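**Student:** Coordinates in model-v1.cif, mmCIF, C-alpha atoms and all ligand atoms, are listed below.
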data_entry
loop_
_atom_site.label_atom_id
_atom_site.label_comp_id
_atom_site.auth_asym_id
_atom_site.auth_seq_id
_atom_site.Cartn_x
_atom_site.Cartn_y
_atom_site.Cartn_z
CA MET A 764 112.71 -39.25 -90.42
CA ASN A 765 114.68 -41.24 -92.92
CA SER A 766 118.25 -40.36 -92.06
CA ILE A 767 120.39 -38.87 -89.34
CA ASP A 768 121.00 -35.83 -91.54
CA GLU A 769 117.29 -35.29 -91.99
CA LEU A 770 116.71 -35.50 -88.25
CA GLN A 771 119.56 -33.11 -87.54
CA ALA A 772 118.14 -30.63 -90.04
CA ALA A 773 114.62 -30.95 -88.59
CA LEU A 774 115.94 -30.18 -85.11
CA GLN A 775 117.93 -27.26 -86.45
CA ALA A 776 114.80 -25.94 -88.17
CA HIS A 777 113.34 -25.72 -84.65
CA ASN A 778 116.44 -23.90 -83.41
CA TYR A 779 117.96 -26.93 -81.72
CA ILE A 780 121.60 -27.62 -82.45
CA ALA A 781 122.45 -31.31 -82.13
CA ASN A 782 125.89 -32.63 -82.98
CA ARG A 783 126.25 -35.82 -84.97
CA SER A 784 126.52 -38.15 -81.99
CA LEU A 785 123.37 -36.83 -80.29
CA ALA A 786 121.42 -36.84 -83.56
CA THR A 787 122.56 -40.44 -84.11
CA ALA A 788 121.35 -41.50 -80.65
CA VAL A 789 117.95 -39.89 -81.22
CA TYR A 790 117.68 -41.40 -84.69
CA LEU A 791 118.47 -44.88 -83.40
CA ALA A 792 116.01 -44.51 -80.53
CA LEU A 793 113.29 -43.70 -83.08
CA LYS A 794 114.21 -46.52 -85.44
CA LEU A 795 114.72 -49.18 -82.77
CA GLU A 796 111.73 -47.92 -80.74
CA ARG A 797 113.79 -47.85 -77.58
CA PRO A 798 113.69 -45.20 -74.85
CA LEU A 799 116.53 -42.69 -74.92
CA PHE A 800 118.30 -41.90 -71.68
CA LEU A 801 120.04 -38.52 -71.68
CA GLU A 802 122.48 -37.42 -69.03
CA GLY A 803 124.45 -34.22 -68.68
CA GLU A 804 124.90 -31.09 -66.59
CA PRO A 805 121.88 -28.79 -66.17
CA GLY A 806 121.34 -26.53 -69.14
CA VAL A 807 122.92 -28.66 -71.88
CA GLY A 808 119.61 -29.12 -73.70
CA LYS A 809 118.16 -32.40 -72.41
CA THR A 810 114.62 -31.15 -71.79
CA GLU A 811 114.66 -28.98 -74.87
CA ILE A 812 115.44 -31.80 -77.27
CA ALA A 813 112.31 -33.68 -76.22
CA LYS A 814 110.17 -30.59 -76.83
CA VAL A 815 111.79 -29.91 -80.17
CA LEU A 816 111.57 -33.53 -81.26
CA ALA A 817 107.84 -33.55 -80.57
CA ALA A 818 107.43 -30.34 -82.56
CA ALA A 819 109.54 -31.69 -85.44
CA LEU A 820 107.52 -34.93 -85.57
CA GLY A 821 104.19 -33.16 -85.13
CA ALA A 822 103.64 -35.37 -82.06
CA ASP A 823 102.10 -34.57 -78.69
CA LEU A 824 104.56 -33.89 -75.90
CA ILE A 825 103.68 -35.46 -72.56
CA ARG A 826 105.94 -34.44 -69.71
CA LEU A 827 106.38 -36.16 -66.39
CA GLN A 828 108.50 -33.99 -64.13
CA CYS A 829 110.04 -36.23 -61.48
CA TYR A 830 110.49 -35.27 -57.85
CA GLU A 831 111.12 -36.98 -54.56
CA GLY A 832 108.01 -38.83 -53.45
CA LEU A 833 106.47 -38.96 -56.93
CA ASP A 834 103.96 -41.77 -56.80
CA VAL A 835 101.45 -43.63 -58.94
CA SER A 836 98.62 -41.18 -58.28
CA GLN A 837 100.65 -38.34 -59.80
CA ALA A 838 102.45 -40.33 -62.47
CA VAL A 839 99.82 -42.78 -63.69
CA TYR A 840 96.26 -42.21 -62.55
CA GLU A 841 93.95 -41.51 -59.67
CA TRP A 842 90.24 -41.69 -59.14
CA ASN A 843 88.28 -38.49 -59.31
CA TYR A 844 86.74 -38.68 -55.83
CA THR A 845 84.83 -35.44 -56.20
CA ARG A 846 83.07 -36.69 -59.29
CA GLN A 847 82.40 -40.06 -57.71
CA LEU A 848 80.84 -38.37 -54.68
CA LEU A 849 78.69 -36.13 -56.82
CA HIS A 850 77.56 -39.13 -58.78
CA ILE A 851 76.58 -40.96 -55.58
CA ARG A 852 74.67 -37.91 -54.28
CA LEU A 853 72.88 -37.49 -57.56
CA LEU A 854 71.76 -41.11 -57.56
CA GLU A 855 70.75 -40.88 -53.90
CA ALA A 856 68.59 -37.88 -54.69
CA GLN A 857 66.84 -40.03 -57.24
CA GLY A 858 66.41 -42.78 -54.70
CA ALA A 859 68.93 -45.06 -56.43
CA LYS A 860 72.26 -46.54 -55.38
CA ALA A 861 75.53 -46.47 -57.31
CA GLY A 862 77.11 -49.82 -58.13
CA LYS A 863 80.84 -50.29 -57.61
CA ALA A 864 81.45 -51.02 -61.27
CA GLU A 865 79.95 -47.76 -62.49
CA LEU A 866 81.86 -45.67 -59.94
CA PHE A 867 85.18 -47.07 -61.12
CA GLY A 868 84.65 -46.60 -64.82
CA GLU A 869 86.75 -44.53 -67.18
CA GLU A 870 84.73 -41.35 -66.74
CA PHE A 871 85.95 -41.18 -63.13
CA LEU A 872 89.56 -41.80 -63.99
CA LEU A 873 92.09 -38.97 -63.96
CA ALA A 874 94.85 -39.96 -66.36
CA ARG A 875 98.30 -38.70 -65.40
CA PRO A 876 101.24 -38.53 -67.85
CA LEU A 877 102.18 -42.23 -68.03
CA LEU A 878 98.61 -43.31 -68.63
CA GLN A 879 98.07 -40.50 -71.14
CA ALA A 880 101.14 -41.70 -73.03
CA ILE A 881 99.84 -45.25 -73.48
CA ASP A 882 96.23 -44.28 -74.23
CA PRO A 883 95.18 -46.82 -76.90
CA GLN A 884 93.01 -44.19 -78.55
CA ARG A 885 96.01 -42.23 -79.79
CA SER A 886 96.47 -42.37 -83.51
CA GLN A 887 100.15 -41.43 -83.37
CA PRO A 888 102.89 -42.08 -80.80
CA PRO A 889 103.45 -39.13 -78.48
CA VAL A 890 106.83 -38.03 -77.14
CA LEU A 891 106.93 -38.95 -73.46
CA LEU A 892 109.47 -36.89 -71.54
CA ILE A 893 110.35 -38.35 -68.16
CA ASP A 894 112.32 -35.41 -66.88
CA GLU A 895 114.96 -35.46 -64.13
CA ILE A 896 114.49 -39.08 -63.17
CA ASP A 897 117.37 -38.72 -60.69
CA ARG A 898 115.00 -36.75 -58.47
CA SER A 899 112.56 -39.61 -58.02
CA ASP A 900 113.20 -42.55 -55.72
CA ALA A 901 114.27 -46.12 -56.43
CA GLU A 902 110.76 -47.58 -56.09
CA PHE A 903 109.52 -45.29 -58.78
CA GLU A 904 112.40 -46.33 -61.01
CA ALA A 905 111.46 -49.98 -60.59
CA PHE A 906 107.87 -49.15 -61.47
CA LEU A 907 109.00 -47.25 -64.55
CA LEU A 908 111.11 -50.17 -65.67
CA GLU A 909 108.00 -52.30 -65.69
CA ILE A 910 106.04 -49.83 -67.78
CA LEU A 911 108.89 -49.39 -70.25
CA SER A 912 109.05 -53.14 -70.81
CA ASP A 913 105.52 -53.67 -72.10
CA TYR A 914 103.84 -50.24 -72.27
CA GLN A 915 100.94 -51.63 -70.33
CA ILE A 916 99.32 -50.54 -67.09
CA THR A 917 96.80 -52.56 -65.17
CA ILE A 918 94.12 -50.72 -63.26
CA PRO A 919 92.52 -53.29 -60.93
CA GLU A 920 88.97 -51.98 -61.44
CA ILE A 921 89.26 -51.66 -65.22
CA GLY A 922 91.89 -54.16 -66.37
CA PRO A 923 95.01 -53.80 -68.49
CA ILE A 924 95.45 -50.74 -70.68
CA ARG A 925 98.00 -51.12 -73.42
CA ALA A 926 99.48 -48.64 -75.87
CA ARG A 927 98.60 -49.17 -79.51
CA HIS A 928 101.69 -47.19 -80.53
CA LYS A 929 104.78 -47.29 -78.35
CA PRO A 930 105.45 -43.77 -77.15
CA ILE A 931 108.78 -42.17 -78.01
CA VAL A 932 110.35 -42.02 -74.57
CA ILE A 933 113.08 -39.61 -73.48
CA LEU A 934 114.39 -39.86 -69.93
CA THR A 935 116.72 -37.23 -68.57
CA SER A 936 118.99 -37.05 -65.55
CA ASN A 937 121.23 -34.35 -64.15
CA ARG A 938 123.13 -37.18 -62.49
CA THR A 939 122.62 -36.08 -58.91
CA ARG A 940 122.59 -39.84 -58.28
CA GLU A 941 123.24 -42.97 -60.30
CA ILE A 942 120.28 -44.50 -62.06
CA HIS A 943 119.85 -48.24 -61.69
CA ASP A 944 121.54 -50.40 -64.34
CA ALA A 945 118.36 -52.30 -65.13
CA LEU A 946 116.66 -49.09 -66.24
CA LYS A 947 119.71 -47.97 -68.21
CA ARG A 948 119.93 -51.31 -69.99
CA ARG A 949 116.42 -50.86 -71.27
CA CYS A 950 117.42 -47.59 -72.96
CA LEU A 951 119.81 -46.17 -75.50
CA TYR A 952 122.17 -43.83 -73.72
CA ALA A 953 123.72 -40.49 -74.61
CA TRP A 954 125.80 -38.14 -72.52
CA ILE A 955 125.44 -34.49 -73.55
CA GLU A 956 128.64 -32.51 -73.06
CA TYR A 957 128.81 -28.79 -72.56
CA PRO A 958 128.86 -27.36 -76.08
CA ASP A 959 132.21 -26.58 -77.68
CA PHE A 960 132.76 -23.12 -79.17
CA GLN A 961 131.31 -24.01 -82.57
CA LYS A 962 128.13 -25.57 -81.18
CA GLU A 963 127.56 -22.80 -78.66
CA TYR A 964 128.09 -20.17 -81.34
CA GLN A 965 125.47 -21.91 -83.49
CA ILE A 966 123.05 -21.96 -80.54
CA VAL A 967 123.54 -18.24 -79.95
CA ARG A 968 122.99 -17.53 -83.67
CA ALA A 969 119.88 -19.72 -83.73
CA LYS A 970 118.39 -17.98 -80.68
CA LEU A 971 119.44 -14.44 -81.61
CA PRO A 972 119.50 -14.31 -85.40
CA HIS A 973 119.61 -10.51 -85.40
CA ALA A 974 122.62 -10.13 -83.11
CA PRO A 975 125.77 -9.13 -85.01
CA GLY A 976 128.13 -12.07 -85.65
CA GLN A 977 131.03 -10.32 -83.95
CA LEU A 978 129.03 -9.86 -80.73
CA ALA A 979 127.79 -13.46 -80.83
CA ARG A 980 131.40 -14.66 -81.13
CA GLN A 981 132.53 -12.50 -78.21
CA VAL A 982 129.70 -13.67 -75.96
CA THR A 983 130.33 -17.30 -76.87
CA ARG A 984 134.09 -17.00 -76.23
CA PHE A 985 133.38 -15.34 -72.88
CA ILE A 986 131.02 -18.13 -71.77
CA GLN A 987 133.46 -20.80 -72.92
CA GLU A 988 136.22 -19.21 -70.81
CA LEU A 989 133.91 -18.78 -67.84
CA ARG A 990 133.11 -22.49 -67.91
CA GLN A 991 136.79 -23.39 -67.87
CA ALA A 992 137.60 -21.04 -64.98
N1 LIG A 1001 121.74 -27.67 -78.38
C1 LIG A 1001 120.90 -26.67 -78.10
N2 LIG A 1001 120.28 -26.01 -79.10
C2 LIG A 1001 119.45 -24.99 -78.81
N3 LIG A 1001 119.16 -24.55 -77.58
C3 LIG A 1001 119.76 -25.17 -76.55
C4 LIG A 1001 120.64 -26.26 -76.75
N4 LIG A 1001 121.09 -26.67 -75.54
C5 LIG A 1001 120.49 -25.89 -74.63
N5 LIG A 1001 119.68 -24.98 -75.22
C6 LIG A 1001 118.87 -23.96 -74.53
O1 LIG A 1001 119.35 -23.86 -73.20
C7 LIG A 1001 118.27 -23.79 -72.28
C8 LIG A 1001 118.37 -24.90 -71.26
O2 LIG A 1001 118.13 -26.13 -71.88
P1 LIG A 1001 117.37 -27.33 -71.15
O3 LIG A 1001 116.93 -28.29 -72.17
O4 LIG A 1001 116.34 -26.80 -70.23
O5 LIG A 1001 118.57 -27.95 -70.28
P2 LIG A 1001 118.56 -29.25 -69.37
O6 LIG A 1001 117.22 -29.88 -69.47
O7 LIG A 1001 119.66 -30.11 -69.92
O8 LIG A 1001 118.88 -28.76 -67.99
C9 LIG A 1001 116.98 -23.87 -73.07
O9 LIG A 1001 116.45 -22.58 -73.19
C10 LIG A 1001 117.42 -24.39 -74.42
O10 LIG A 1001 116.65 -23.81 -75.42
MG MG A 1002 115.88 -30.12 -67.95
#
As structure tokens, what does this structure read like?
**Tutor:**
Amino acid sequence: MNSIDELQAALQAHNYIANRSLATAVYLALKLERPLFLEGEPGVGKTEIAKVLAAALGADLIRLQCYEGLDVSQAVYEWNYTRQLLHIRLLEAQGAKAGKAELFGEEFLLARPLLQAIDPQRSQPPVLLIDEIDRSDAEFEAFLLEILSDYQITIPEIGPIRARHKPIVILTSNRTREIHDALKRRCLYAWIEYPDFQKEYQIVRAKLPHAPGQLARQVTRFIQELRQA
């Protein structure tokens, strides 16, 4: 992407309508290689823009859906106990014993979204969507801050794993609570407003290209009025 216009057009080609200010924020996040933090009411297109951006860039989309109690084993990695057990049994059957080092090797590792995103074997940066961060708890936020500062994760049994290409990170929040300043400072920030008539009309036309223009206008006007009521 070589300009804001080009980015805006690429999003539009995937049926995503971004106004100039949102397209600018995304463009800067790409150029400066900084995470983008998007806030706004539910339904304004925060999740969708990450999906569309990945499609437009031809990049993988990795999504971490946040929830209360989200922890490292779901966000980063866990050991595949079933496979480890099988391996031990198999060796036992052969009269051998499994060493600790071989049981905690990469073939027994289950990579969750954050680890997948920094996998050094990737040839191209993925889009990492950290969705609805306001649902997770403060400890997880602190942990995330650490990862977003050096894109490195240390697994005690294996050592540090570091991204070769910084992932393109989009964090979203529906603002059910305030996100810590330290995390916000690490990111570029954009607030997505409810669409005005023009933008919403464009969205309706993009989604329903065969609907008559008159009908699309009426529906859009109705929704705009409903939102004000
Ligand atoms: N600017 C937009 N352009 C195209 N579709 C949009 C836009 N904003 C929202 N949508 C559509 O509205 C729906 C809700 O968007 P979503 O990204 O899930 O909202 P959020 O994550 O902000 O709650 C999706 O089906 C999405 O395609
Ligand atoms: Mg969403």
**Student:** For the point (108.3, -41.3, -75.9) in file coordinates, what residues are within 8 Å, counting all atoms listed in the file? Give the answer as a count of residues only?
**Tutor:** 12
**Student:** I'd like the interatomic distance between CA of Gln879 (chain A) and atom MG of ligand MG 1002 (chain A), to a tenth of an Å.
**Tutor:**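 Going from CA of Gln879 (chain A) over to atom MG of ligand MG 1002 (chain A), I get 20.9 Å.
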**Student:** If we count all atoms listed in the file, what is near Ile881 (chain A) at a cut-off of 10 Å, once residues fewer than 3 positions away on the same chain are taken out, given as a ChimeraX atom specification?
**Tutor:** /A:876-878,884-885,888-889,891,910,914-916,924-930
**Student:** So that I can check the surroundings of region 828-832 of chain A, please list as a list in words every protein, DNA and RNA residue that reaches within 9 Å of it, counting all atoms listed in the file and ignoring chain neighbours fewer than 3 positions away.
**Tutor:**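 These residues fall inside the cut-off: Ala838, Leu892, Ile893, Asp894, Glu895, Ile896, Asp897, Arg898, Ser899, Asp900 and Phe903 of chain A.
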**Student:** Give one line per residue of chain A that approaches ligand MG 1002 (chain A) to at most 7 Å, naming the two atoms of the closest pair and their distance in Å to one decimal, counting only C-alpha atoms and all ligand atoms; sort by chain then ascending residue number and deliver it as JSON lines.
**Tutor:**
{"residue": "A:Pro805", "atom": "CA", "partner": "A:MG1002", "partner_atom": "MG", "distance": 6.4}
{"residue": "A:Gly806", "atom": "CA", "partner": "A:MG1002", "partner_atom": "MG", "distance": 6.6}
{"residue": "A:Gly808", "atom": "CA", "partner": "A:MG1002", "partner_atom": "MG", "distance": 6.9}
{"residue": "A:Lys809", "atom": "CA", "partner": "A:MG1002", "partner_atom": "MG", "distance": 5.5}
{"residue": "A:Thr810", "atom": "CA", "partner": "A:MG1002", "partner_atom": "MG", "distance": 4.2}
{"residue": "A:Asp894", "atom": "CA", "partner": "A:MG1002", "partner_atom": "MG", "distance": 6.5}
{"residue": "A:Glu895", "atom": "CA", "partner": "A:MG1002", "partner_atom": "MG", "distance": 6.6}
**Student:** Using C-alpha atoms, can you write the selected residues to a file as a compact mmCIF listing (two decimals), keeping the file's coordinate frame?
**Tutor:**
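Output file result.txt is given in full below:
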# COMPACT_ATOMS: atom_id res chain seq x y z
CA PRO A 805 121.88 -28.79 -66.17
CA GLY A 806 121.34 -26.53 -69.14
CA GLY A 808 119.61 -29.12 -73.70
CA LYS A 809 118.16 -32.40 -72.41
CA THR A 810 114.62 -31.15 -71.79
CA ASP A 894 112.32 -35.41 -66.88
CA GLU A 895 114.96 -35.46 -64.13
**Student:** Which residues form the shell of 9 Å around ligand LIG 1001 (chain A) when you count all atoms listed in the file, given as a ChimeraX atom specification?
**Tutor:** /A:774-775,777-782,801-814,894-895,935-937,955,957-958,962-963,965-967,969-970
**Student:** Quick one, how far is CA of Thr845 (chain A) from CA of Phe871 (chain A)?
**Tutor:**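 Result for CA of Thr845 (chain A) versus CA of Phe871 (chain A): 9.1 Å, one decimal.
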**Student:** May I ask for the distance between CA of Phe867 (chain A) and CA of Thr917 (chain A), given in Å to one decimal place?
**Tutor:** 13.5 Å
**Student:** For Leu795 (chain A), list every protein, DNA or RNA residue within 10 Å, evaluated using all atoms listed in the file, and leave out those in the same chain fewer than 5 positions away; present the list as a VMD selection string.
**Tutor:** chain A and resid 789 to 790 951
**Student:** With distances taken over only C-alpha atoms, which of A:Gly821, A:Ser784, A:Pro975, A:Asp944 is nearest to Gln887 (chain A)?
**Tutor:**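 Using only C-alpha atoms, Gln887 (chain A) sits closest to A:Gly821.
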**Student:** Pick out the closest residue to Leu866 (chain A) from this set: A:Val835, A:Glu909, A:Ile921, A:Arg826. Count all atoms listed in the file.
**Tutor:** A:Ile921
**Student:** Could you please fill out region 930-947 of chain A with N, CA and C atoms and send it back as a CSV table (one decimal), keeping the file's coordinate frame?
**Tutor:**
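part32.csv, freshly written:
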chain,number,residue,atom,x,y,z
A,930,PRO,N,105.0,-45.2,-77.2
A,930,PRO,CA,105.4,-43.8,-77.2
A,930,PRO,C,107.0,-43.6,-77.4
A,931,ILE,N,107.4,-42.5,-77.9
A,931,ILE,CA,108.8,-42.2,-78.0
A,931,ILE,C,109.2,-41.6,-76.7
A,932,VAL,N,110.1,-42.4,-76.0
A,932,VAL,CA,110.4,-42.0,-74.6
A,932,VAL,C,111.7,-41.4,-74.4
A,933,ILE,N,111.8,-40.2,-73.8
A,933,ILE,CA,113.1,-39.6,-73.5
A,933,ILE,C,113.1,-39.4,-72.0
A,934,LEU,N,114.2,-40.0,-71.4
A,934,LEU,CA,114.4,-39.9,-69.9
A,934,LEU,C,115.6,-39.0,-69.8
A,935,THR,N,115.5,-38.1,-68.8
A,935,THR,CA,116.7,-37.2,-68.6
A,935,THR,C,117.2,-37.3,-67.1
A,936,SER,N,118.5,-37.1,-66.9
A,936,SER,CA,119.0,-37.0,-65.6
A,936,SER,C,120.1,-36.0,-65.5
A,937,ASN,N,120.1,-35.3,-64.4
A,937,ASN,CA,121.2,-34.4,-64.2
A,937,ASN,C,122.3,-35.0,-63.3
A,938,ARG,N,122.2,-36.3,-63.2
A,938,ARG,CA,123.1,-37.2,-62.5
A,938,ARG,C,123.4,-36.7,-61.1
A,939,THR,N,122.4,-36.4,-60.3
A,939,THR,CA,122.6,-36.1,-58.9
A,939,THR,C,122.7,-37.4,-58.2
A,940,ARG,N,122.3,-38.5,-58.8
A,940,ARG,CA,122.6,-39.8,-58.3
A,940,ARG,C,122.6,-40.8,-59.5
A,941,GLU,N,123.2,-42.0,-59.2
A,941,GLU,CA,123.2,-43.0,-60.3
A,941,GLU,C,121.9,-43.6,-60.5
A,942,ILE,N,121.5,-43.8,-61.8
A,942,ILE,CA,120.3,-44.5,-62.1
A,942,ILE,C,120.6,-46.0,-62.2
A,943,HIS,N,119.6,-46.8,-61.7
A,943,HIS,CA,119.8,-48.2,-61.7
A,943,HIS,C,120.2,-48.8,-63.1
A,944,ASP,N,121.1,-49.8,-63.1
A,944,ASP,CA,121.5,-50.4,-64.3
A,944,ASP,C,120.4,-51.0,-65.1
A,945,ALA,N,119.5,-51.6,-64.4
A,945,ALA,CA,118.4,-52.3,-65.1
A,945,ALA,C,117.6,-51.3,-66.0
A,946,LEU,N,117.4,-50.1,-65.5
A,946,LEU,CA,116.7,-49.1,-66.2
A,946,LEU,C,117.5,-48.6,-67.4
A,947,LYS,N,118.8,-48.4,-67.1
A,947,LYS,CA,119.7,-48.0,-68.2
A,947,LYS,C,119.8,-49.0,-69.3
